[in-house]
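Okay, input17.cif now, which holds mmCIF, N, CA and C atoms, pLDDT in the B column; chains and numbers go by the auth columns:
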data_final
loop_
_atom_site.group_PDB
_atom_site.id
_atom_site.type_symbol
_atom_site.label_atom_id
_atom_site.label_comp_id
_atom_site.label_asym_id
_atom_site.label_seq_id
_atom_site.Cartn_x
_atom_site.Cartn_y
_atom_site.Cartn_z
_atom_site.B_iso_or_equiv
_atom_site.auth_seq_id
_atom_site.auth_asym_id
ATOM 1 N N MET A 1 -186.058 36.706 96.411 95.00 79 A
ATOM 2 C CA MET A 1 -186.187 37.011 95.000 95.00 79 A
ATOM 3 C C MET A 1 -187.659 37.295 94.702 95.00 79 A
ATOM 4 N N GLN A 2 -187.882 38.290 93.863 97.00 80 A
ATOM 5 C CA GLN A 2 -189.223 38.680 93.458 97.00 80 A
ATOM 6 C C GLN A 2 -189.707 37.804 92.306 97.00 80 A
ATOM 7 N N VAL A 3 -190.941 37.374 92.384 98.00 81 A
ATOM 8 C CA VAL A 3 -191.571 36.597 91.317 98.00 81 A
ATOM 9 C C VAL A 3 -192.599 37.503 90.649 98.00 81 A
ATOM 10 N N LYS A 4 -192.467 37.668 89.342 98.00 82 A
ATOM 11 C CA LYS A 4 -193.378 38.546 88.601 98.00 82 A
ATOM 12 C C LYS A 4 -193.900 37.826 87.368 98.00 82 A
ATOM 13 N N VAL A 5 -195.126 38.180 86.985 98.00 83 A
ATOM 14 C CA VAL A 5 -195.731 37.643 85.771 98.00 83 A
ATOM 15 C C VAL A 5 -196.252 38.806 84.949 98.00 83 A
ATOM 16 N N ASP A 6 -195.855 38.841 83.687 98.00 84 A
ATOM 17 C CA ASP A 6 -196.366 39.831 82.745 98.00 84 A
ATOM 18 C C ASP A 6 -197.623 39.234 82.104 98.00 84 A
ATOM 19 N N LEU A 7 -198.778 39.625 82.611 96.00 85 A
ATOM 20 C CA LEU A 7 -200.030 39.049 82.130 96.00 85 A
ATOM 21 C C LEU A 7 -200.333 39.408 80.681 96.00 85 A
ATOM 22 N N SER A 8 -199.703 40.464 80.168 97.00 86 A
ATOM 23 C CA SER A 8 -199.907 40.798 78.757 97.00 86 A
ATOM 24 C C SER A 8 -199.222 39.775 77.846 97.00 86 A
ATOM 25 N N LYS A 9 -198.240 39.044 78.375 98.00 87 A
ATOM 26 C CA LYS A 9 -197.558 37.991 77.618 98.00 87 A
ATOM 27 C C LYS A 9 -198.160 36.612 77.863 98.00 87 A
ATOM 28 N N CYS A 10 -198.739 36.413 79.051 98.00 88 A
ATOM 29 C CA CYS A 10 -199.239 35.095 79.451 98.00 88 A
ATOM 30 C C CYS A 10 -200.320 34.619 78.483 98.00 88 A
ATOM 31 N N GLU A 11 -200.138 33.404 77.973 97.00 89 A
ATOM 32 C CA GLU A 11 -201.098 32.805 77.041 97.00 89 A
ATOM 33 C C GLU A 11 -201.827 31.614 77.666 97.00 89 A
ATOM 34 N N GLY A 12 -201.585 31.351 78.939 97.00 90 A
ATOM 35 C CA GLY A 12 -202.293 30.294 79.647 97.00 90 A
ATOM 36 C C GLY A 12 -201.846 28.885 79.324 97.00 90 A
ATOM 37 N N HIS A 13 -200.576 28.691 79.018 97.00 91 A
ATOM 38 C CA HIS A 13 -200.061 27.354 78.719 97.00 91 A
ATOM 39 C C HIS A 13 -200.091 26.434 79.937 97.00 91 A
ATOM 40 N N GLY A 14 -200.000 27.001 81.136 96.00 92 A
ATOM 41 C CA GLY A 14 -200.117 26.223 82.364 96.00 92 A
ATOM 42 C C GLY A 14 -198.841 25.588 82.872 96.00 92 A
ATOM 43 N N ARG A 15 -197.746 25.812 82.210 96.00 93 A
ATOM 44 C CA ARG A 15 -196.490 25.202 82.662 96.00 93 A
ATOM 45 C C ARG A 15 -196.036 25.765 83.999 96.00 93 A
ATOM 46 N N CYS A 16 -196.393 27.017 84.270 96.00 94 A
ATOM 47 C CA CYS A 16 -195.980 27.648 85.533 96.00 94 A
ATOM 48 C C CYS A 16 -196.566 26.913 86.726 96.00 94 A
ATOM 49 N N TYR A 17 -197.860 26.677 86.722 94.00 95 A
ATOM 50 C CA TYR A 17 -198.449 26.009 87.877 94.00 95 A
ATOM 51 C C TYR A 17 -198.257 24.506 87.853 94.00 95 A
ATOM 52 N N GLU A 18 -197.871 23.952 86.728 93.00 96 A
ATOM 53 C CA GLU A 18 -197.461 22.545 86.713 93.00 96 A
ATOM 54 C C GLU A 18 -196.085 22.383 87.346 93.00 96 A
ATOM 55 N N GLN A 19 -195.173 23.306 87.048 91.00 97 A
ATOM 56 C CA GLN A 19 -193.810 23.254 87.592 91.00 97 A
ATOM 57 C C GLN A 19 -193.730 23.850 88.996 91.00 97 A
ATOM 58 N N GLY A 20 -194.573 24.817 89.285 94.00 98 A
ATOM 59 C CA GLY A 20 -194.485 25.531 90.559 94.00 98 A
ATOM 60 C C GLY A 20 -195.806 25.604 91.281 94.00 98 A
ATOM 61 N N GLU A 21 -196.336 24.469 91.643 95.00 99 A
ATOM 62 C CA GLU A 21 -197.671 24.413 92.247 95.00 99 A
ATOM 63 C C GLU A 21 -197.776 25.148 93.585 95.00 99 A
ATOM 64 N N ASP A 22 -196.656 25.352 94.266 96.00 100 A
ATOM 65 C CA ASP A 22 -196.680 26.093 95.530 96.00 100 A
ATOM 66 C C ASP A 22 -196.536 27.595 95.314 96.00 100 A
ATOM 67 N N VAL A 23 -196.141 28.006 94.117 98.00 101 A
ATOM 68 C CA VAL A 23 -195.869 29.413 93.826 98.00 101 A
ATOM 69 C C VAL A 23 -196.922 30.016 92.895 98.00 101 A
ATOM 70 N N PHE A 24 -197.476 29.205 92.001 98.00 102 A
ATOM 71 C CA PHE A 24 -198.410 29.701 90.989 98.00 102 A
ATOM 72 C C PHE A 24 -199.721 28.922 91.010 98.00 102 A
ATOM 73 N N ALA A 25 -200.755 29.555 90.485 98.00 103 A
ATOM 74 C CA ALA A 25 -202.055 28.908 90.305 98.00 103 A
ATOM 75 C C ALA A 25 -202.632 29.410 88.983 98.00 103 A
ATOM 76 N N CYS A 26 -203.823 28.927 88.670 97.00 104 A
ATOM 77 C CA CYS A 26 -204.504 29.295 87.436 97.00 104 A
ATOM 78 C C CYS A 26 -205.710 30.167 87.772 97.00 104 A
ATOM 79 N N SER A 27 -205.850 31.273 87.067 96.00 105 A
ATOM 80 C CA SER A 27 -207.013 32.138 87.276 96.00 105 A
ATOM 81 C C SER A 27 -208.226 31.554 86.553 96.00 105 A
ATOM 82 N N ASP A 28 -209.388 32.125 86.779 96.00 106 A
ATOM 83 C CA ASP A 28 -210.602 31.691 86.090 96.00 106 A
ATOM 84 C C ASP A 28 -210.490 31.880 84.578 96.00 106 A
ATOM 85 N N GLU A 29 -209.629 32.817 84.154 94.00 107 A
ATOM 86 C CA GLU A 29 -209.405 33.078 82.733 94.00 107 A
ATOM 87 C C GLU A 29 -208.321 32.180 82.141 94.00 107 A
ATOM 88 N N GLY A 30 -207.725 31.313 82.975 95.00 108 A
ATOM 89 C CA GLY A 30 -206.681 30.416 82.503 95.00 108 A
ATOM 90 C C GLY A 30 -205.294 31.024 82.487 95.00 108 A
ATOM 91 N N LYS A 31 -205.127 32.157 83.144 96.00 109 A
ATOM 92 C CA LYS A 31 -203.828 32.826 83.195 96.00 109 A
ATOM 93 C C LYS A 31 -203.134 32.550 84.527 96.00 109 A
ATOM 94 N N CYS A 32 -201.851 32.827 84.549 97.00 110 A
ATOM 95 C CA CYS A 32 -201.017 32.602 85.728 97.00 110 A
ATOM 96 C C CYS A 32 -201.361 33.573 86.860 97.00 110 A
ATOM 97 N N VAL A 33 -201.450 33.032 88.067 97.00 111 A
ATOM 98 C CA VAL A 33 -201.650 33.820 89.275 97.00 111 A
ATOM 99 C C VAL A 33 -200.500 33.499 90.218 97.00 111 A
ATOM 100 N N ILE A 34 -199.893 34.528 90.773 98.00 112 A
ATOM 101 C CA ILE A 34 -198.797 34.343 91.722 98.00 112 A
ATOM 102 C C ILE A 34 -199.375 34.122 93.119 98.00 112 A
ATOM 103 N N LEU A 35 -199.006 33.013 93.737 98.00 113 A
ATOM 104 C CA LEU A 35 -199.415 32.733 95.118 98.00 113 A
ATOM 105 C C LEU A 35 -198.391 33.264 96.108 98.00 113 A
ATOM 106 N N VAL A 36 -197.118 33.221 95.722 96.00 114 A
ATOM 107 C CA VAL A 36 -196.016 33.678 96.574 96.00 114 A
ATOM 108 C C VAL A 36 -195.160 34.633 95.750 96.00 114 A
ATOM 109 N N ALA A 37 -195.200 35.920 96.084 96.00 115 A
ATOM 110 C CA ALA A 37 -194.519 36.935 95.277 96.00 115 A
ATOM 111 C C ALA A 37 -193.040 37.084 95.604 96.00 115 A
ATOM 112 N N GLU A 38 -192.612 36.531 96.730 96.00 116 A
ATOM 113 C CA GLU A 38 -191.204 36.643 97.101 96.00 116 A
ATOM 114 C C GLU A 38 -190.733 35.316 97.678 96.00 116 A
ATOM 115 N N VAL A 39 -189.656 34.792 97.110 95.00 117 A
ATOM 116 C CA VAL A 39 -189.055 33.545 97.596 95.00 117 A
ATOM 117 C C VAL A 39 -187.566 33.778 97.808 95.00 117 A
ATOM 118 N N ASP A 40 -187.001 33.039 98.748 89.00 118 A
ATOM 119 C CA ASP A 40 -185.560 33.172 98.980 89.00 118 A
ATOM 120 C C ASP A 40 -184.961 31.804 99.284 89.00 118 A
ATOM 121 N N SER A 41 -183.682 31.803 99.522 88.00 119 A
ATOM 122 C CA SER A 41 -182.954 30.543 99.697 88.00 119 A
ATOM 123 C C SER A 41 -183.342 29.807 100.973 88.00 119 A
ATOM 124 N N SER A 42 -184.095 30.439 101.865 93.00 120 A
ATOM 125 C CA SER A 42 -184.539 29.736 103.065 93.00 120 A
ATOM 126 C C SER A 42 -185.623 28.708 102.724 93.00 120 A
ATOM 127 N N ASN A 43 -186.237 28.857 101.557 94.00 121 A
ATOM 128 C CA ASN A 43 -187.210 27.873 101.086 94.00 121 A
ATOM 129 C C ASN A 43 -186.789 27.432 99.686 94.00 121 A
ATOM 130 N N MET A 44 -185.840 26.540 99.642 95.00 122 A
ATOM 131 C CA MET A 44 -185.263 26.107 98.362 95.00 122 A
ATOM 132 C C MET A 44 -186.294 25.468 97.438 95.00 122 A
ATOM 133 N N GLU A 45 -187.254 24.747 97.982 95.00 123 A
ATOM 134 C CA GLU A 45 -188.267 24.090 97.150 95.00 123 A
ATOM 135 C C GLU A 45 -189.066 25.124 96.356 95.00 123 A
ATOM 136 N N MET A 46 -189.521 26.172 97.022 95.00 124 A
ATOM 137 C CA MET A 46 -190.285 27.218 96.323 95.00 124 A
ATOM 138 C C MET A 46 -189.407 27.977 95.337 95.00 124 A
ATOM 139 N N LEU A 47 -188.182 28.236 95.724 96.00 125 A
ATOM 140 C CA LEU A 47 -187.263 28.938 94.826 96.00 125 A
ATOM 141 C C LEU A 47 -187.024 28.119 93.568 96.00 125 A
ATOM 142 N N LEU A 48 -186.803 26.828 93.714 96.00 126 A
ATOM 143 C CA LEU A 48 -186.602 25.962 92.547 96.00 126 A
ATOM 144 C C LEU A 48 -187.857 25.895 91.680 96.00 126 A
ATOM 145 N N GLN A 49 -189.019 25.841 92.298 96.00 127 A
ATOM 146 C CA GLN A 49 -190.266 25.817 91.540 96.00 127 A
ATOM 147 C C GLN A 49 -190.422 27.090 90.714 96.00 127 A
ATOM 148 N N ALA A 50 -190.150 28.229 91.332 97.00 128 A
ATOM 149 C CA ALA A 50 -190.271 29.512 90.633 97.00 128 A
ATOM 150 C C ALA A 50 -189.282 29.591 89.471 97.00 128 A
ATOM 151 N N GLU A 51 -188.054 29.176 89.712 96.00 129 A
ATOM 152 C CA GLU A 51 -187.033 29.238 88.659 96.00 129 A
ATOM 153 C C GLU A 51 -187.347 28.266 87.521 96.00 129 A
ATOM 154 N N GLN A 52 -187.865 27.082 87.839 96.00 130 A
ATOM 155 C CA GLN A 52 -188.233 26.124 86.796 96.00 130 A
ATOM 156 C C GLN A 52 -189.385 26.661 85.961 96.00 130 A
ATOM 157 N N ALA A 53 -190.358 27.269 86.618 97.00 131 A
ATOM 158 C CA ALA A 53 -191.493 27.843 85.897 97.00 131 A
ATOM 159 C C ALA A 53 -191.023 28.956 84.963 97.00 131 A
ATOM 160 N N GLU A 54 -190.079 29.769 85.432 97.00 132 A
ATOM 161 C CA GLU A 54 -189.523 30.837 84.597 97.00 132 A
ATOM 162 C C GLU A 54 -188.880 30.250 83.336 97.00 132 A
ATOM 163 N N MET A 55 -188.122 29.177 83.501 97.00 133 A
ATOM 164 C CA MET A 55 -187.446 28.541 82.357 97.00 133 A
ATOM 165 C C MET A 55 -188.433 27.860 81.413 97.00 133 A
ATOM 166 N N MET A 56 -189.517 27.318 81.967 96.00 134 A
ATOM 167 C CA MET A 56 -190.464 26.542 81.166 96.00 134 A
ATOM 168 C C MET A 56 -191.507 27.397 80.447 96.00 134 A
ATOM 169 N N CYS A 57 -191.671 28.633 80.843 98.00 135 A
ATOM 170 C CA CYS A 57 -192.692 29.491 80.230 98.00 135 A
ATOM 171 C C CYS A 57 -192.323 29.752 78.769 98.00 135 A
ATOM 172 N N PRO A 58 -193.152 29.300 77.825 98.00 136 A
ATOM 173 C CA PRO A 58 -192.802 29.425 76.408 98.00 136 A
ATOM 174 C C PRO A 58 -192.845 30.850 75.873 98.00 136 A
ATOM 175 N N VAL A 59 -193.481 31.763 76.614 98.00 137 A
ATOM 176 C CA VAL A 59 -193.571 33.141 76.133 98.00 137 A
ATOM 177 C C VAL A 59 -192.780 34.126 76.996 98.00 137 A
ATOM 178 N N GLY A 60 -192.042 33.601 77.976 98.00 138 A
ATOM 179 C CA GLY A 60 -191.190 34.446 78.812 98.00 138 A
ATOM 180 C C GLY A 60 -191.961 35.428 79.679 98.00 138 A
ATOM 181 N N ALA A 61 -193.134 35.026 80.157 98.00 139 A
ATOM 182 C CA ALA A 61 -193.965 35.916 80.963 98.00 139 A
ATOM 183 C C ALA A 61 -193.534 35.982 82.422 98.00 139 A
ATOM 184 N N ILE A 62 -192.721 35.022 82.871 98.00 140 A
ATOM 185 C CA ILE A 62 -192.331 34.948 84.280 98.00 140 A
ATOM 186 C C ILE A 62 -190.898 35.426 84.467 98.00 140 A
ATOM 187 N N THR A 63 -190.727 36.229 85.525 97.00 141 A
ATOM 188 C CA THR A 63 -189.400 36.717 85.893 97.00 141 A
ATOM 189 C C THR A 63 -189.162 36.428 87.364 97.00 141 A
ATOM 190 N N VAL A 64 -188.021 35.839 87.673 97.00 142 A
ATOM 191 C CA VAL A 64 -187.602 35.610 89.055 97.00 142 A
ATOM 192 C C VAL A 64 -186.251 36.308 89.205 97.00 142 A
ATOM 193 N N ALA A 65 -186.252 37.377 89.959 95.00 143 A
ATOM 194 C CA ALA A 65 -185.002 38.147 90.117 95.00 143 A
ATOM 195 C C ALA A 65 -184.934 38.803 91.474 95.00 143 A
#
Just give me the structure of the file as structure tokens.
Amino acid sequence: MQVKVDLSKCEGHGRCYEQGEDVFACSDEGKCVILVAEVDSSNMEMLLQAEQAEMMCPVGAITVA
């Protein structure tokens, strides 16, 4: 599954890297940075982190599809 972040929507709430520390990080500007752009069922932990971050993002900037 592809992990994408719409930086024009990202407001730097930080929930993505709190929920998905193996998939996301924080940039110097406080915005979301993708560490792993593709996750699949062979790594369930990363997939769950990405999906949780997608659900927790208050502005809907993250897409996992």
- Task: For segment 129-134 of chain A, list every protein, DNA or RNA residue within 7 Å, evaluated using all atoms listed in the file, and leave out those in the same chain fewer than 5 positions away; present the list as a list in words.
- Result: Arg93, Cys94, Tyr95, Gln97, Gly98, Met124, Ala139, Ile140, Thr141 and Val142 of chain A
- In Å and to one decimal, atom CA of Cys104 of chain A is distant from atom CA of Gly92 of chain A by 7.4 Å
- Query: Using the chain letters and numbers from this document, which residues of chain A does DSSP assign to helix (DSSP H, G or I), as number ranges by chain?
  - Reply: A: 93-97, 122-134
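Computed from the coordinates, the atom C of Ser105 of chain A to atom N of Asn121 of chain A distance equals 26.8 Å.
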- Item | Separation of atom N of Glu116 of chain A from atom CA of Glu89 of chain A, in Å and rounded to one decimal | 21.8 Å
- What residues come out when you apply the PyMOL selection byres (((chain A and resi 137 and name CA) around 8) and name CA) to this file, written as a ChimeraX atom specification? /A:87-89,135-136,138-139
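Selection result for the displayed file, with the PyMOL selection byres (((chain A and resi 118 and name CA) around 12) and name CA) as criterion, is A:Met79, A:Gln80, A:Val81, A:Val114, A:Ala115, A:Glu116, A:Val117, A:Ser119, A:Ser120, A:Asn121, A:Met122, A:Glu123, A:Met124, A:Leu125, A:Leu126, A:Gln127, A:Ala128, A:Glu129, A:Val142, A:Ala143.
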